[in-house]
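Worksheet for the structure shown next.
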Amino acid sequence: MVEVITCNERTEDVKEDMRTDGNGHTVENVAPEPVIHGTKEDPETQTQKTRTWIWSVVYLCFYGFMVQLKPGEPFITPYLLSTEKNFTSEQVTNEINPVLTYSYMVVLVPVFLLTDYLRYKPVLILQSLSHVSIWLFLLLGASLLEMQFMEFFYGITMAARVAYSSYIFSLVPATVYQRVASYSRTSVLMGVFTSSVLGQIFVSLGGVTYRTLSAVSLGFVTFGLLLSFFLPWPKRSLFFNQARLEEERKEAAQSELARMKPEENDGSVAAQGSNHKYPSWTNSVFIQMLKELKNVVKVPSLRLWSLWWVFNSTGYYLVLFYVHILWNKVYPATDNKHVYNGAVEAASTLLGAITSFAAGYVKIRWNLWSELVIGLITAVQAGLLLLMGITDNIWVCYVSYALFKGFYQFLVPIAIFQIASSLTKELCALVFGVNTFLGTVLKTIITIIVADKRGLALNVQSQFFVYFFYFTLLTVVYLGCSAFIITCHYRNQRAQEETTEVAIATELSFMTTAASEGTTAHNGTSIKT
């Protein structure tokens, strides 16, 4: 947008172009290059824009809340294992669930790129369509292949979460990014919490069957699909649309100049228009960010927290994907009223929100103690996984899972801050995308080896022992790195203190010698004892 120049301002421009020489004659200056100023908006326009993005954020948060209302989600695994669907535990563990991981890995990169290129909204519509497909397959499907298709669409919905988390930044000014990010995350957590509570109430108090619960979930996600069509369409995104938007602004500026001074600018504007080309894809922001990634691994804190994101998120999601099967193994309830999956998911979500909030108030020297904190928390998570794998008490399983999830959610905001605080918004998004993709690849490899029927095809309790050893290995690595870093730190600190003491002693000795020489010179004779 170009600043509108009034007639008075244009008159002033003419006066500015006329000068007098040394003889008093009026001469015309050589016209400088035209400068296009930013728009000076009046308060009413600014207020209107503020209202627009505020309502956009409110609608997006409402959408984020509603699409999480799937009260049947905590009960998908009991539904598959119930007499209504009649799949065996081996089929669910080794043939149906692995498809989710494979689907997520295959679609993650295309969805990540399309999210930015298509400017978010189409990908959110795709996510809502996938939600509808999931519950249609659950309601109408009966074969193993149909349930695998259901998991395939579930992978698409997980990959498309990046669209919602980044969409909000394209709607608001940079000054309110942190605030609106907290709003969007809170709306999602509240949606998950409400959904889990509703599902538990329907099952335990209402006596609703799993099929009816799936039908209710289908109704909610269909409403979410309708809401997605009315989402505002942003004009910009992080990577692919920046250069094009800038070119459109330049074109608008040149058009405005041509309208203001047609006689002067006709030739130049035409020439620029004929030579104008959109930037090459090799010069896009995305490609430039890829080139910058090599510098990220050179920064110790970024390297540590990125590795934590890759390795610990892999174990975390593997536990989430298979824990419901474990619960059914530990306590194969014959009465749906005694299945408390919804209540446990609600409690763990609430605990995760509390620990995430508490993490913002932890003030320590993260450059020194990060490895130790990560190592200790990973050790506790390993112990919880061992407890889940060996116990016969379902309530021990429930509590262990909630604590496991809470510890992970405690570290998530710390990792986000440690990575994002030293990167641009664009590079930060790319780093998280790469970390997520690497974690998904690792998750796929483990799934093929451990869970898939073409691999070891372990039962669910044996899988949890594998996850326990996985977290134990991570613990040893983290604590070993922590011991090395802390030892080096205090050794260097001691060396610096010794160097400082030597420097002070040398300086004092020099000052004493200088004072002695000064006394000798002043008296003209040597002082002897």
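Labels used: A, B, ... for chains in the order of the structure tokens, numbers from 1 for residues in each chain, and numbers from 1 for ligands as shown.
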- prompt: Got a sec: who's within 8 Å of stretch 435-448 of chain A, counting only C-alpha atoms, leaving out chain neighbours fewer than 3 positions off, as a VMD selection string?
  reply: chain A and resid 98 101 to 102 104 to 105 108 to 109 306 to 307 309 to 311 313 to 315 318 431 to 432 451 to 452 454 to 455
Would you output that residue set with C-alpha atoms, as an mmCIF file, in the first residue's frame?
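Output contents, as saved in part_36.cif:
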data_model
loop_
_atom_site.group_PDB
_atom_site.id
_atom_site.type_symbol
_atom_site.label_atom_id
_atom_site.label_comp_id
_atom_site.auth_asym_id
_atom_site.auth_seq_id
_atom_site.Cartn_x
_atom_site.Cartn_y
_atom_site.Cartn_z
ATOM 1 C CA PRO A 98 1.595 -49.218 12.982
ATOM 2 C CA THR A 101 3.189 -44.040 12.291
ATOM 3 C CA TYR A 102 3.827 -44.847 8.628
ATOM 4 C CA TYR A 104 2.397 -39.680 9.651
ATOM 5 C CA MET A 105 5.926 -40.007 8.249
ATOM 6 C CA LEU A 108 4.431 -34.905 7.207
ATOM 7 C CA VAL A 109 6.797 -33.170 4.757
ATOM 8 C CA SER A 306 16.747 -30.396 19.168
ATOM 9 C CA LEU A 307 18.132 -33.838 19.989
ATOM 10 C CA TRP A 309 12.900 -33.141 20.722
ATOM 11 C CA VAL A 310 13.837 -35.896 18.279
ATOM 12 C CA PHE A 311 14.612 -38.742 20.708
ATOM 13 C CA SER A 313 9.260 -37.177 21.497
ATOM 14 C CA THR A 314 9.772 -40.458 19.644
ATOM 15 C CA GLY A 315 9.453 -42.453 22.884
ATOM 16 C CA LEU A 318 5.138 -44.512 20.915
ATOM 17 C CA VAL A 431 13.943 -26.254 12.889
ATOM 18 C CA PHE A 432 10.847 -27.619 14.613
ATOM 19 C CA ALA A 451 5.587 -53.660 16.610
ATOM 20 C CA ASP A 452 4.985 -54.498 12.956
ATOM 21 C CA ARG A 454 6.884 -58.069 9.551
ATOM 22 C CA GLY A 455 9.331 -57.309 12.381
#
List as JSON lines every residue of stretch 69-142 of chain A that is in contact with stretch 320-341 of chain A, defined as an atom at most 8 Å from one of its atoms (using only C-alpha atoms), together with the nearest atom pair and the distance in Å rounded to one decimal, sorted by chain and then rising number.
{"residue": "A:Pro74", "atom": "CA", "partner": "A:Asn341", "partner_atom": "CA", "distance": 5.6}
{"residue": "A:Phe75", "atom": "CA", "partner": "A:Asn341", "partner_atom": "CA", "distance": 6.6}
{"residue": "A:Thr77", "atom": "CA", "partner": "A:His324", "partner_atom": "CA", "distance": 6.3}
{"residue": "A:Pro78", "atom": "CA", "partner": "A:Asn328", "partner_atom": "CA", "distance": 7.0}
{"residue": "A:Ser89", "atom": "CA", "partner": "A:Ile325", "partner_atom": "CA", "distance": 7.4}
{"residue": "A:Thr93", "atom": "CA", "partner": "A:Ile325", "partner_atom": "CA", "distance": 7.3}
{"residue": "A:Asn97", "atom": "CA", "partner": "A:Phe321", "partner_atom": "CA", "distance": 7.3}
Residues of the last selection are to be written out with N, CA, C and O atoms, as a PDB file, in the first residue's frame.
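Written file, selection20.pdb:
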ATOM      1  N   PRO A  74     -10.734 -41.340  23.220  1.00  0.00           N
ATOM      2  CA  PRO A  74     -10.043 -42.188  24.210  1.00  0.00           C
ATOM      3  C   PRO A  74     -10.515 -43.635  24.209  1.00  0.00           C
ATOM      4  O   PRO A  74      -9.875 -44.496  24.840  1.00  0.00           O
ATOM      5  N   PHE A  75     -11.627 -43.917  23.509  1.00  0.00           N
ATOM      6  CA  PHE A  75     -12.208 -45.256  23.553  1.00  0.00           C
ATOM      7  C   PHE A  75     -12.114 -45.972  22.209  1.00  0.00           C
ATOM      8  O   PHE A  75     -12.796 -46.983  21.995  1.00  0.00           O
ATOM      9  N   THR A  77      -9.500 -47.689  20.957  1.00  0.00           N
ATOM     10  CA  THR A  77      -8.914 -49.022  21.144  1.00  0.00           C
ATOM     11  C   THR A  77      -9.881 -49.982  21.834  1.00  0.00           C
ATOM     12  O   THR A  77     -10.050 -51.127  21.370  1.00  0.00           O
ATOM     13  N   PRO A  78     -10.561 -49.601  22.943  1.00  0.00           N
ATOM     14  CA  PRO A  78     -11.571 -50.521  23.504  1.00  0.00           C
ATOM     15  C   PRO A  78     -12.673 -50.866  22.504  1.00  0.00           C
ATOM     16  O   PRO A  78     -13.191 -51.995  22.521  1.00  0.00           O
ATOM     17  N   SER A  89      -6.198 -58.486  19.940  1.00  0.00           N
ATOM     18  CA  SER A  89      -5.154 -57.586  20.429  1.00  0.00           C
ATOM     19  C   SER A  89      -3.941 -57.599  19.503  1.00  0.00           C
ATOM     20  O   SER A  89      -3.301 -56.564  19.283  1.00  0.00           O
ATOM     21  N   THR A  93      -2.420 -54.324  17.675  1.00  0.00           N
ATOM     22  CA  THR A  93      -1.046 -53.956  18.042  1.00  0.00           C
ATOM     23  C   THR A  93      -0.094 -54.012  16.864  1.00  0.00           C
ATOM     24  O   THR A  93       0.719 -53.102  16.661  1.00  0.00           O
ATOM     25  N   ASN A  97      -2.379 -50.366  14.397  1.00  0.00           N
ATOM     26  CA  ASN A  97      -1.690 -49.196  14.965  1.00  0.00           C
ATOM     27  C   ASN A  97      -0.439 -48.764  14.201  1.00  0.00           C
ATOM     28  O   ASN A  97      -0.202 -47.566  14.063  1.00  0.00           O
TER      29      ASN A  97
END
Can you list every residue of stretch 44-127 of chain A that has an atom at most 12 Å from stretch 174-178 of chain A, with its nearest atom pair and the distance in Å to one decimal, using only C-alpha atoms, ordered by chain then number, as a tab-separated table?
residue	atom	partner	partner_atom	distance
A:Thr50	CA	A:Val176	CA	11.2
A:Trp53	CA	A:Val176	CA	10.8
A:Ile54	CA	A:Val176	CA	10.6
A:Val57	CA	A:Tyr177	CA	11.1
Can you write just those residues out, C-alpha atoms, as a PDB file, in the first residue's frame?
ATOM      1  CA  THR A  50      -7.058  -4.426  15.403  1.00  0.00           C
ATOM      2  CA  TRP A  53      -7.404  -9.643  13.853  1.00  0.00           C
ATOM      3  CA  ILE A  54      -8.938  -9.894  17.329  1.00  0.00           C
ATOM      4  CA  VAL A  57      -8.090 -14.958  16.697  1.00  0.00           C
TER       5      VAL A  57
END
- request: Please provide the set of residues having any atom within 8 Å of A:Thr194, restricted to only C-alpha atoms, with same-chain residues fewer than 4 positions apart removed, written as a list in words.
  value: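 Listing them by chain and then by number gives Leu69, Met190, Leu198 and Ala346 of chain A.
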message: With only C-alpha atoms as the counted atoms, please give the residues lying no more than 8 Å from stretch 350-363 of chain A, apart from itself and same-chain residues fewer than 5 positions off, as a ChimeraX atom specification.
response: /A:189,193,402-403,405-414
